[in-house]
file target.cif (mmCIF, C-alpha atoms)
data_data
#
loop_
_atom_site.label_atom_id
_atom_site.label_comp_id
_atom_site.auth_asym_id
_atom_site.auth_seq_id
_atom_site.Cartn_x
_atom_site.Cartn_y
_atom_site.Cartn_z
CA ASP A 1 -16.87 -1.95 -12.89
CA ASN A 2 -18.93 -1.02 -9.82
CA LEU A 3 -18.45 -4.46 -8.30
CA GLU A 4 -14.73 -4.21 -8.92
CA VAL A 5 -14.55 -0.88 -7.05
CA ALA A 6 -16.52 -2.40 -4.17
CA TYR A 7 -14.25 -5.44 -4.18
CA LYS A 8 -11.06 -3.34 -4.10
CA ASN A 9 -12.33 -1.28 -1.18
CA ALA A 10 -13.47 -4.40 0.68
CA LYS A 11 -9.91 -5.71 0.28
CA LYS A 12 -8.57 -2.46 1.76
CA MET A 13 -10.85 -2.91 4.75
CA LEU A 14 -9.74 -6.52 5.09
CA SER A 15 -6.12 -5.37 4.96
CA LEU A 16 -6.68 -3.02 7.91
CA VAL A 17 -8.35 -5.77 9.92
CA ASN A 18 -5.50 -8.15 9.11
CA GLN A 19 -2.96 -5.54 10.27
CA LEU A 20 -4.64 -5.41 13.65
CA LEU A 21 -4.70 -9.21 13.81
CA ASP A 22 -0.99 -9.37 12.87
CA LEU A 23 -0.24 -6.87 15.63
CA ARG A 24 -2.18 -8.97 18.11
CA LYS A 25 -0.39 -12.17 17.01
CA HIS A 26 3.00 -10.56 17.49
CA GLU A 27 2.12 -9.13 20.90
CA SER A 28 0.88 -12.52 22.08
CA GLY A 29 3.86 -14.37 20.59
CA ASN A 30 1.66 -16.36 18.19
CA MET A 31 3.04 -15.20 14.82
CA SER A 32 3.74 -18.63 13.34
CA LEU A 33 5.74 -19.21 10.17
CA LYS A 34 4.95 -21.30 7.09
CA LEU A 35 8.35 -21.38 5.45
CA GLU A 36 9.09 -22.37 1.88
CA GLU A 37 12.01 -22.23 -0.50
CA VAL A 38 11.72 -19.09 -2.62
CA ASN A 39 13.69 -17.29 -5.29
CA ILE A 40 13.48 -13.84 -3.70
CA ILE A 41 14.37 -12.09 -6.98
CA GLN A 42 11.36 -13.56 -8.77
CA PHE A 43 9.21 -12.98 -5.68
CA ILE A 44 9.93 -9.24 -5.65
CA GLU A 45 9.64 -8.94 -9.45
CA GLU A 46 6.11 -10.34 -9.30
CA ILE A 47 5.13 -7.90 -6.55
CA LEU A 48 6.50 -4.97 -8.56
CA ILE A 49 4.22 -5.86 -11.46
CA LEU A 50 1.23 -5.09 -9.23
CA PHE A 51 2.57 -1.58 -8.53
CA ARG A 52 3.53 -0.62 -12.10
CA GLU A 53 0.18 0.88 -13.06
CA LEU A 54 0.10 3.02 -9.91
CA THR A 55 3.67 4.29 -10.29
CA ASN A 56 3.12 5.04 -13.98
CA SER A 57 -0.04 7.03 -13.18
CA LYS A 58 1.94 9.05 -10.62
CA GLN A 59 4.88 9.48 -13.03
CA ILE A 60 7.23 7.66 -10.68
CA ALA A 61 10.10 5.56 -12.04
CA LEU A 62 10.17 2.14 -10.33
CA GLU A 63 13.38 0.17 -10.90
CA LEU A 64 14.82 -3.09 -9.61
CA HIS A 65 18.60 -3.47 -9.46
CA LYS A 66 19.99 -6.98 -8.93
CA THR A 67 23.40 -8.61 -9.13
CA GLU A 68 21.97 -12.00 -10.11
CA ASN A 69 18.70 -13.52 -11.32
CA LYS A 70 18.31 -16.13 -8.62
CA ILE A 71 18.82 -15.98 -4.86
CA ILE A 72 17.26 -18.86 -2.97
CA THR A 73 16.19 -18.39 0.62
CA TRP A 74 13.46 -19.49 3.03
CA PHE A 75 10.61 -17.36 4.31
CA ASP A 76 6.85 -17.19 4.82
CA SER A 77 5.60 -15.83 1.49
CA SER A 78 2.31 -14.47 2.80
CA LEU A 79 4.09 -12.55 5.58
CA MET A 80 6.97 -11.34 3.42
CA GLU A 81 4.47 -10.15 0.82
CA LYS A 82 3.10 -7.78 3.48
CA VAL A 83 6.61 -6.45 4.10
CA PHE A 84 7.13 -5.37 0.50
CA TYR A 85 3.55 -4.17 0.06
CA ASN A 86 4.04 -1.90 3.08
CA LEU A 87 7.44 -0.62 1.99
CA LEU A 88 6.40 0.02 -1.61
CA SER A 89 3.09 1.62 -0.64
CA ASN A 90 4.95 3.86 1.79
CA ALA A 91 7.55 4.76 -0.85
CA ILE A 92 4.92 5.61 -3.48
CA LYS A 93 2.98 7.72 -0.99
CA ASN A 94 6.08 9.80 -0.21
CA THR A 95 7.58 10.10 -3.68
CA PRO A 96 6.76 13.24 -5.68
CA ALA A 97 5.76 13.21 -9.34
CA ASN A 98 8.75 12.55 -11.63
CA GLY A 99 10.57 11.00 -8.67
CA LYS A 100 11.91 7.47 -8.48
CA ILE A 101 11.93 4.36 -6.35
CA ASP A 102 14.92 2.00 -6.48
CA ILE A 103 14.98 -1.53 -5.09
CA ASN A 104 18.46 -3.04 -4.76
CA ILE A 105 19.08 -6.71 -3.95
CA HIS A 106 22.37 -8.48 -3.51
CA LEU A 107 23.76 -11.46 -1.63
CA GLN A 108 26.62 -10.90 0.81
CA GLU A 109 28.06 -13.95 2.57
CA ASN A 110 25.10 -15.46 4.48
CA GLU A 111 22.76 -12.50 4.20
CA ILE A 112 20.55 -10.91 1.57
CA GLU A 113 20.60 -7.13 1.61
CA ILE A 114 17.55 -5.39 0.18
CA SER A 115 17.18 -1.63 0.07
CA VAL A 116 14.07 0.33 -0.91
CA TYR A 117 14.95 3.92 -1.70
CA ASN A 118 12.62 6.74 -2.74
CA THR A 119 13.34 10.34 -3.66
CA GLY A 120 11.50 13.13 -1.89
CA GLU A 121 11.54 14.57 1.60
CA LYS A 122 13.73 13.22 4.38
CA ILE A 123 12.28 11.92 7.65
CA PRO A 124 12.74 14.50 10.43
CA GLU A 125 15.68 13.37 12.58
CA LYS A 126 13.55 13.50 15.73
CA ASP A 127 11.12 10.98 14.16
CA ILE A 128 13.46 8.50 12.50
CA GLU A 129 13.85 6.39 15.67
CA ASN A 130 10.08 6.20 16.13
CA ILE A 131 8.78 5.28 12.69
CA PHE A 132 8.70 1.56 13.55
CA SER A 133 6.65 2.19 16.71
CA PRO A 134 2.97 1.13 16.60
CA PHE A 135 0.50 3.85 15.58
CA PHE A 136 3.27 6.41 15.11
CA GLN A 137 2.73 8.88 12.27
CA ILE A 138 4.89 11.78 11.15
CA ASN A 139 3.09 15.10 11.43
CA LYS A 140 2.67 16.63 8.00
CA PRO A 141 1.19 19.92 6.82
CA GLN A 142 -2.55 19.79 6.21
CA SER A 143 -1.93 20.04 2.49
CA GLU A 144 -0.18 16.66 2.47
CA ASP A 145 -1.54 13.14 2.71
CA ASN A 146 -1.94 12.11 6.35
CA SER A 147 -3.78 8.88 5.67
CA GLY A 148 -2.60 5.64 7.24
CA THR A 149 -2.75 3.80 10.53
CA GLY A 150 0.87 3.91 11.69
CA LEU A 151 0.90 0.11 11.81
CA GLY A 152 2.49 -0.85 8.49
CA LEU A 153 6.14 -0.25 9.38
CA HIS A 154 5.70 -1.71 12.87
CA ILE A 155 4.30 -4.94 11.43
CA THR A 156 6.99 -4.93 8.73
CA ARG A 157 9.73 -4.89 11.37
CA ASN A 158 8.00 -7.60 13.40
CA ILE A 159 7.83 -9.92 10.38
CA ILE A 160 11.46 -9.34 9.43
CA GLN A 161 12.62 -9.90 13.01
CA ARG A 162 10.53 -13.10 13.12
CA HIS A 163 12.68 -14.25 10.18
CA TYR A 164 15.84 -13.38 12.20
CA GLY A 165 16.46 -10.33 10.03
CA SER A 166 16.70 -6.60 10.64
CA ILE A 167 15.47 -3.37 9.08
CA ILE A 168 16.61 0.23 9.49
CA ALA A 169 15.53 3.54 7.98
CA GLU A 170 18.04 6.20 7.00
CA ASN A 171 17.94 9.55 5.24
CA ARG A 172 20.04 10.02 2.13
CA ASN A 173 22.29 13.07 1.80
CA GLU A 174 20.83 13.82 -1.62
CA GLY A 175 17.29 13.65 -0.20
CA GLY A 176 14.78 10.88 0.23
CA VAL A 177 14.64 7.84 2.49
CA CYS A 178 16.12 4.35 2.31
CA PHE A 179 14.82 1.27 4.14
CA ARG A 180 17.57 -1.33 4.41
CA ILE A 181 16.71 -4.98 5.14
CA LEU A 182 19.08 -7.81 6.04
CA LEU A 183 17.69 -11.36 5.80
CA PRO A 184 19.70 -14.49 6.67
CA VAL A 185 19.80 -17.39 4.20
CA ASN A 186 20.57 -19.95 6.89
CA LYS A 187 17.84 -22.59 6.86
CA GLU A 188 19.12 -24.00 10.14
CA LEU A 189 17.87 -20.95 12.08
CA PHE A 190 14.28 -22.18 11.86
CA ASN A 191 12.48 -25.05 13.55
CA GLU A 192 11.57 -28.07 11.44
CA ASN A 193 7.84 -27.65 12.12
CA GLU A 194 7.91 -24.16 10.60
CA PHE A 195 8.47 -25.47 7.06
CA LEU A 196 5.64 -26.20 4.65
CA VAL A 197 5.41 -29.75 3.36
CA SER A 198 4.11 -28.59 -0.01
CA PRO A 199 4.90 -25.15 -1.38
CA ALA A 200 2.12 -22.63 -1.85
CA ASN A 201 1.86 -19.93 -4.47
CA ASN A 202 4.21 -17.05 -3.76
CA LEU A 203 1.59 -14.36 -4.26
CA SER A 204 -2.00 -14.26 -3.13
CA ASP A 205 -4.69 -14.05 -5.78
CA ASN A 206 -5.16 -10.40 -6.62
CA SER A 207 -7.48 -11.03 -9.55
CA PHE A 208 -11.15 -10.22 -9.54
CA PRO A 209 -13.21 -13.33 -8.56
CA GLU A 210 -14.63 -15.07 -11.62
CA GLU A 211 -17.87 -15.90 -9.82
CA ILE A 212 -18.72 -12.21 -9.56
CA VAL A 213 -20.26 -11.25 -12.87
CA SER A 214 -21.28 -7.68 -13.60
CA THR A 215 -24.67 -7.23 -15.24
CA GLU A 216 -25.97 -4.02 -16.76
CA ILE A 217 -28.94 -2.64 -14.85
CA GLU A 218 -31.28 -0.19 -16.51
CA ARG A 219 -31.94 2.74 -14.20
CA LYS A 220 -35.08 4.80 -14.47
CA LYS A 221 -34.48 8.53 -14.79
CA PHE A 222 -36.81 10.34 -12.40
CA PHE A 223 -36.19 13.72 -13.97
CA SER A 224 -34.31 15.20 -16.88
CA LYS A 225 -30.70 16.37 -16.39
CA LYS A 226 -31.64 19.97 -17.19
CA GLY A 227 -32.42 21.80 -13.99
CA ALA A 228 -31.37 18.78 -11.92
CA PRO A 229 -30.26 19.32 -8.30
CA ILE A 230 -26.55 20.05 -7.80
CA VAL A 231 -24.37 17.55 -5.92
CA LEU A 232 -20.84 18.47 -4.81
CA LEU A 233 -18.52 15.49 -4.33
CA VAL A 234 -15.53 16.24 -2.07
CA GLU A 235 -13.22 13.20 -1.91
CA ASP A 236 -9.43 12.84 -2.28
CA ASN A 237 -9.64 9.19 -3.34
CA VAL A 238 -9.94 9.49 -7.12
CA GLU A 239 -11.40 6.01 -7.61
CA MET A 240 -14.07 6.55 -4.96
CA ARG A 241 -14.98 9.97 -6.36
CA GLN A 242 -15.32 8.57 -9.88
CA PHE A 243 -17.47 5.73 -8.58
CA MET A 244 -19.88 8.10 -6.82
CA LYS A 245 -20.01 10.35 -9.87
CA SER A 246 -20.88 7.40 -12.12
CA GLN A 247 -23.79 6.53 -9.81
CA LEU A 248 -25.19 10.06 -9.63
CA GLN A 249 -24.42 11.82 -12.89
CA GLU A 250 -27.56 10.63 -14.71
CA LEU A 251 -29.79 12.26 -12.10
CA TYR A 252 -27.80 15.23 -10.80
CA THR A 253 -25.47 17.98 -11.92
CA ILE A 254 -22.11 16.99 -10.45
CA TYR A 255 -19.26 19.18 -9.22
CA GLU A 256 -16.06 17.62 -7.88
CA ALA A 257 -13.31 18.66 -5.48
CA GLU A 258 -10.20 16.66 -4.55
CA ASN A 259 -9.63 18.24 -1.13
CA GLY A 260 -11.42 20.10 1.64
CA LYS A 261 -10.14 23.57 0.76
CA THR A 262 -11.20 23.33 -2.90
CA GLY A 263 -14.51 21.80 -1.79
CA TRP A 264 -15.24 24.74 0.52
CA GLU A 265 -14.46 27.28 -2.18
CA LEU A 266 -16.59 25.42 -4.73
CA ALA A 267 -19.48 25.10 -2.26
CA GLU A 268 -19.53 28.88 -1.78
CA LYS A 269 -19.47 29.39 -5.54
CA VAL A 270 -22.12 26.94 -6.81
CA ILE A 271 -24.29 26.56 -3.64
CA PRO A 272 -25.01 22.83 -4.11
CA ASP A 273 -28.22 21.15 -2.96
CA VAL A 274 -26.22 18.31 -1.40
CA ILE A 275 -22.56 17.91 -0.42
CA ILE A 276 -21.10 14.41 -0.14
CA SER A 277 -17.76 14.71 1.59
CA ASP A 278 -15.05 12.68 3.24
CA ILE A 279 -14.05 13.95 6.70
CA MET A 280 -10.25 13.83 6.74
CA MET A 281 -8.64 15.20 3.57
CA PRO A 282 -5.62 17.17 2.39
CA GLY A 283 -5.93 20.94 2.54
CA MET A 284 -8.72 21.09 5.11
CA ASP A 285 -10.81 18.54 7.00
#
call {"tool": "encode", "arguments": {"input": "target.cif", "output": "structure tokens"}}
result
Amino acid sequence: DNLEVAYKNAKKMLSLVNQLLDLRKHESGNMSLKLEEVNIIQFIEEILILFRELTNSKQIALELHKTENKIITWFDSSLMEKVFYNLLSNAIKNTPANGKIDINIHLQENEIEISVYNTGEKIPEKDIENIFSPFFQINKPQSEDNSGTGLGLHITRNIIQRHYGSIIAENRNEGGVCFRILLPVNKELFNENEFLVSPANNLSDNSFPEEIVSTEIERKKFFSKKGAPIVLLVEDNVEMRQFMKSQLQELYTIYEAENGKTGWELAEKVIPDVIISDIMMPGMD
């Protein structure tokens, strides 16, 4: 379990590095394509499977609406995967509990229209033209999640434009935000050398590497739990907080807080021996 947590967080770090590399490739004009023939319906369905557990835990309804079961087009699967990862991650982040995310796909003449809609707050009108700009982030109250790099939507637009498509963001009258994508299905738009000779898997391997095997390690207890020093964990990432607690709970009395404000109040109340805290968090840094 501990190795799996470390592996997931290493992948997050790798994702950030790759975003910067993607940005650099686009700016230098070196974002090359490895095109393959793909059923985009199946492609998106497989990506949604990876988000089901997260949306269920946040009590968010995630639904795919399609007019047909098969729409064949050509794109770079590894790049287009990033597009939908970014859009879905962004939608989940901004959808309240008991909200919903709808993905609609349909073919119109020579274009595929895909919309990703989530309930929740609208984008301020003064910001809607800037959300695809690099490093741009919407200012939110301290109590809300301000995590992110401001690169995801910029890279998403770059990838879609590289496929001769377009993307826009628009507020819905009933509330929430919709990202609308148009992708051409014209194979002739691309150069011959941009096509893969042999198709690759649509999705990257998101499974835990088989060569990493977890072994149980017996840990010596240096003192009994009774009267043990108090450690306050202040961390808004639930998985990270649980990981740290699992490592320390045999030796220390643990108190937890999910944001800076609660952490401060708890620190005044219990007077811990040690505080382990993230820096930027909801509520108070």
call {"tool": "residues_around", "arguments": {"input": "target.cif", "residues": "segment 26-29 of chain A", "least_positions_apart": "6", "cutoff": "9 Å", "atoms": "all atoms listed in the file", "output": "list in words"}}
result
Ile155, Asn158 and Ile159 of chain A
call {"tool": "atom_distance", "arguments": {"input": "target.cif", "atom1": "atom CA of His163 of chain A", "atom2": "atom CA of Leu183 of chain A"}}
result
7.3 Å
call {"tool": "atom_distance", "arguments": {"input": "target.cif", "atom1": "atom CA of Gln161 of chain A", "atom2": "atom CA of Thr73 of chain A"}}
result
15.4 Å
call {"tool": "residues_around", "arguments": {"input": "target.cif", "residues": "Tyr255 of chain A", "least_positions_apart": "5", "cutoff": "10 Å", "atoms": "all atoms listed in the file", "output": "list of chain:residue names"}}
result
A:Ile230, A:Val231, A:Leu232, A:Leu233, A:Val234, A:Lys245, A:Gln249, A:Gly263, A:Leu266, A:Ala267, A:Val270, A:Pro272, A:Ile275
call {"tool": "resolve_selection", "arguments": {"input": "target.cif", "expression": "the PyMOL selection byres ((chain A and resi 48) around 10)", "output": "list in words"}}
result
Gln42, Phe43, Ile44, Glu45, Glu46, Ile47, Ile49, Leu50, Phe51, Arg52, Glu53, Thr55, Leu62, Glu63, Leu64, Phe84, Tyr85, Leu88 and Ile103 of chain A
call {"tool": "write_last_selection", "arguments": {"input": "target.cif", "atoms": "C-alpha atoms", "output": "compact mmCIF listing (two decimals), in the coordinates of the input"}}
result
# COMPACT_ATOMS: atom_id res chain seq x y z
CA GLN A 42 11.36 -13.56 -8.77
CA PHE A 43 9.21 -12.98 -5.68
CA ILE A 44 9.93 -9.24 -5.65
CA GLU A 45 9.64 -8.94 -9.45
CA GLU A 46 6.11 -10.34 -9.30
CA ILE A 47 5.13 -7.90 -6.55
CA ILE A 49 4.22 -5.86 -11.46
CA LEU A 50 1.23 -5.09 -9.23
CA PHE A 51 2.57 -1.58 -8.53
CA ARG A 52 3.53 -0.62 -12.10
CA GLU A 53 0.18 0.88 -13.06
CA THR A 55 3.67 4.29 -10.29
CA LEU A 62 10.17 2.14 -10.33
CA GLU A 63 13.38 0.17 -10.90
CA LEU A 64 14.82 -3.09 -9.61
CA PHE A 84 7.13 -5.37 0.50
CA TYR A 85 3.55 -4.17 0.06
CA LEU A 88 6.40 0.02 -1.61
CA ILE A 103 14.98 -1.53 -5.09
call {"tool": "resolve_selection", "arguments": {"input": "target.cif", "expression": "the PyMOL selection byres ((chain A and resi 184-196) around 9)", "output": "count of residues only"}}
result
24
call {"tool": "resolve_selection", "arguments": {"input": "target.cif", "expression": "the PyMOL selection byres ((chain A and resi 23) around 12)", "output": "PyMOL selection string"}}
result
chain A and resi 16-22+24-31+133-135+150-159
call {"tool": "residues_near_point", "arguments": {"input": "target.cif", "point": "(17.9, 9.2, -4.8)", "cutoff": "10 Å", "atoms": "all atoms listed in the file", "output": "mmCIF file with C-alpha atoms, in the coordinates of the input"}}
result
data_model
loop_
_atom_site.group_PDB
_atom_site.id
_atom_site.type_symbol
_atom_site.label_atom_id
_atom_site.label_comp_id
_atom_site.auth_asym_id
_atom_site.auth_seq_id
_atom_site.Cartn_x
_atom_site.Cartn_y
_atom_site.Cartn_z
ATOM 1 C CA GLY A 99 10.570 11.000 -8.670
ATOM 2 C CA LYS A 100 11.910 7.470 -8.480
ATOM 3 C CA ILE A 101 11.930 4.360 -6.350
ATOM 4 C CA ASP A 102 14.920 2.000 -6.480
ATOM 5 C CA TYR A 117 14.950 3.920 -1.700
ATOM 6 C CA ASN A 118 12.620 6.740 -2.740
ATOM 7 C CA THR A 119 13.340 10.340 -3.660
ATOM 8 C CA GLY A 120 11.500 13.130 -1.890
ATOM 9 C CA ARG A 172 20.040 10.020 2.130
ATOM 10 C CA ASN A 173 22.290 13.070 1.800
ATOM 11 C CA GLU A 174 20.830 13.820 -1.620
ATOM 12 C CA GLY A 175 17.290 13.650 -0.200
ATOM 13 C CA GLY A 176 14.780 10.880 0.230
ATOM 14 C CA VAL A 177 14.640 7.840 2.490
ATOM 15 C CA CYS A 178 16.120 4.350 2.310
#
call {"tool": "atom_distance", "arguments": {"input": "target.cif", "atom1": "atom CA of Met80 of chain A", "atom2": "atom CA of Asn56 of chain A"}}
result
24.2 Å
call {"tool": "residues_around", "arguments": {"input": "target.cif", "residues": "Ile181 of chain A", "least_positions_apart": "6", "cutoff": "9 Å", "atoms": "only C-alpha atoms", "output": "MDAnalysis selection string"}}
result
chainID A and resid 112:116 160 165:168
call {"tool": "closest_residue", "arguments": {"input": "target.cif", "among": "A:Gln59, A:Ser77, A:Asn130, A:Asn69", "to": "Ala97 of chain A", "atoms": "all atoms listed in the file"}}
result
A:Gln59
call {"tool": "axis_aligned_box", "arguments": {"input": "target.cif", "around": "segment 44-63 of chain A", "padding_each_side": "4 Å", "output": "AutoDock Vina command-line options"}}
result
--center_x 6.7 --center_y -0.4 --center_z -9.8 --size_x 21.4 --size_y 27.8 --size_z 16.3
call {"tool": "closest_residue", "arguments": {"input": "target.cif", "among": "A:Asn171, A:Thr95, A:Asn104, A:Asn86", "to": "Pro124 of chain A", "atoms": "all atoms listed in the file"}}
result
A:Asn171
call {"tool": "residues_near_point", "arguments": {"input": "target.cif", "point": "(11.6, 8.6, 9.4)", "cutoff": "8 Å", "atoms": "all atoms listed in the file", "output": "mmCIF file with C-alpha atoms, in the coordinates of the input"}}
result
data_model
loop_
_atom_site.group_PDB
_atom_site.id
_atom_site.type_symbol
_atom_site.label_atom_id
_atom_site.label_comp_id
_atom_site.auth_asym_id
_atom_site.auth_seq_id
_atom_site.Cartn_x
_atom_site.Cartn_y
_atom_site.Cartn_z
ATOM 1 C CA LYS A 122 13.730 13.220 4.380
ATOM 2 C CA ILE A 123 12.280 11.920 7.650
ATOM 3 C CA PRO A 124 12.740 14.500 10.430
ATOM 4 C CA GLU A 125 15.680 13.370 12.580
ATOM 5 C CA ASP A 127 11.120 10.980 14.160
ATOM 6 C CA ILE A 128 13.460 8.500 12.500
ATOM 7 C CA GLU A 129 13.850 6.390 15.670
ATOM 8 C CA ASN A 130 10.080 6.200 16.130
ATOM 9 C CA ILE A 131 8.780 5.280 12.690
ATOM 10 C CA ILE A 138 4.890 11.780 11.150
ATOM 11 C CA ALA A 169 15.530 3.540 7.980
ATOM 12 C CA GLU A 170 18.040 6.200 7.000
ATOM 13 C CA ASN A 171 17.940 9.550 5.240
ATOM 14 C CA VAL A 177 14.640 7.840 2.490
#
call {"tool": "decode", "arguments": {"input": "target.cif", "residues": "segment 33-54 of chain A", "atoms": "N, CA, C and O atoms", "output": "CSV table (one decimal), in the first residue's frame"}}
result
chain,number,residue,atom,x,y,z
A,33,LEU,N,3.1,14.4,-34.2
A,33,LEU,CA,1.9,13.5,-34.0
A,33,LEU,C,2.3,12.1,-34.4
A,33,LEU,O,3.1,11.8,-35.2
A,34,LYS,N,1.6,11.1,-33.6
A,34,LYS,CA,1.7,9.7,-34.0
A,34,LYS,C,0.3,9.2,-34.1
A,34,LYS,O,-0.3,8.7,-33.2
A,35,LEU,N,-0.3,9.4,-35.3
A,35,LEU,CA,-1.7,9.2,-35.5
A,35,LEU,C,-2.0,7.7,-35.7
A,35,LEU,O,-1.3,7.0,-36.3
A,36,GLU,N,-3.2,7.4,-35.2
A,36,GLU,CA,-3.8,6.0,-35.5
A,36,GLU,C,-5.3,6.1,-35.6
A,36,GLU,O,-5.9,7.1,-35.2
A,37,GLU,N,-5.8,5.1,-36.2
A,37,GLU,CA,-7.3,5.0,-36.3
A,37,GLU,C,-7.9,4.5,-35.0
A,37,GLU,O,-7.5,3.5,-34.5
A,38,VAL,N,-8.8,5.3,-34.5
A,38,VAL,CA,-9.4,5.1,-33.2
A,38,VAL,C,-10.9,5.2,-33.2
A,38,VAL,O,-11.5,6.1,-33.9
A,39,ASN,N,-11.6,4.4,-32.5
A,39,ASN,CA,-13.0,4.6,-32.2
A,39,ASN,C,-13.1,5.5,-31.0
A,39,ASN,O,-12.8,5.1,-29.9
A,40,ILE,N,-13.4,6.7,-31.2
A,40,ILE,CA,-13.3,7.7,-30.1
A,40,ILE,C,-14.4,7.5,-29.0
A,40,ILE,O,-14.2,7.8,-27.9
A,41,ILE,N,-15.5,6.8,-29.4
A,41,ILE,CA,-16.4,6.4,-28.3
A,41,ILE,C,-15.8,5.5,-27.3
A,41,ILE,O,-15.9,5.7,-26.1
A,42,GLN,N,-15.2,4.4,-27.8
A,42,GLN,CA,-14.5,3.4,-26.9
A,42,GLN,C,-13.4,4.1,-26.2
A,42,GLN,O,-13.2,3.8,-25.0
A,43,PHE,N,-12.7,5.0,-26.9
A,43,PHE,CA,-11.5,5.6,-26.3
A,43,PHE,C,-11.9,6.4,-25.0
A,43,PHE,O,-11.3,6.3,-24.0
A,44,ILE,N,-13.0,7.2,-25.1
A,44,ILE,CA,-13.5,8.0,-24.0
A,44,ILE,C,-14.1,7.1,-22.9
A,44,ILE,O,-13.9,7.4,-21.7
A,45,GLU,N,-14.8,6.1,-23.3
A,45,GLU,CA,-15.4,5.2,-22.3
A,45,GLU,C,-14.3,4.6,-21.4
A,45,GLU,O,-14.5,4.4,-20.2
A,46,GLU,N,-13.2,4.2,-22.0
A,46,GLU,CA,-12.1,3.6,-21.2
A,46,GLU,C,-11.5,4.6,-20.3
A,46,GLU,O,-11.1,4.3,-19.2
A,47,ILE,N,-11.4,5.9,-20.7
A,47,ILE,CA,-10.9,6.9,-19.8
A,47,ILE,C,-11.9,7.1,-18.7
A,47,ILE,O,-11.4,7.3,-17.5
A,48,LEU,N,-13.1,7.1,-18.9
A,48,LEU,CA,-14.1,7.4,-17.9
A,48,LEU,C,-14.1,6.3,-16.8
A,48,LEU,O,-14.3,6.6,-15.6
A,49,ILE,N,-13.7,5.1,-17.2
A,49,ILE,CA,-13.6,4.0,-16.1
A,49,ILE,C,-12.6,4.4,-15.1
A,49,ILE,O,-12.8,4.2,-13.9
A,50,LEU,N,-11.5,5.1,-15.5
A,50,LEU,CA,-10.5,5.5,-14.5
A,50,LEU,C,-10.9,6.6,-13.6
A,50,LEU,O,-10.3,6.8,-12.5
A,51,PHE,N,-12.0,7.3,-13.9
A,51,PHE,CA,-12.5,8.4,-13.1
A,51,PHE,C,-13.7,8.0,-12.2
A,51,PHE,O,-14.1,8.8,-11.4
A,52,ARG,N,-14.2,6.8,-12.4
A,52,ARG,CA,-15.5,6.4,-11.8
A,52,ARG,C,-15.3,6.4,-10.2
A,52,ARG,O,-16.2,6.9,-9.5
A,53,GLU,N,-14.2,5.8,-9.8
A,53,GLU,CA,-14.0,5.7,-8.3
A,53,GLU,C,-14.0,7.1,-7.7
A,53,GLU,O,-14.6,7.3,-6.6
A,54,LEU,N,-13.3,8.0,-8.3
A,54,LEU,CA,-13.1,9.4,-7.8
A,54,LEU,C,-14.5,10.1,-7.8
A,54,LEU,O,-14.8,10.8,-6.8
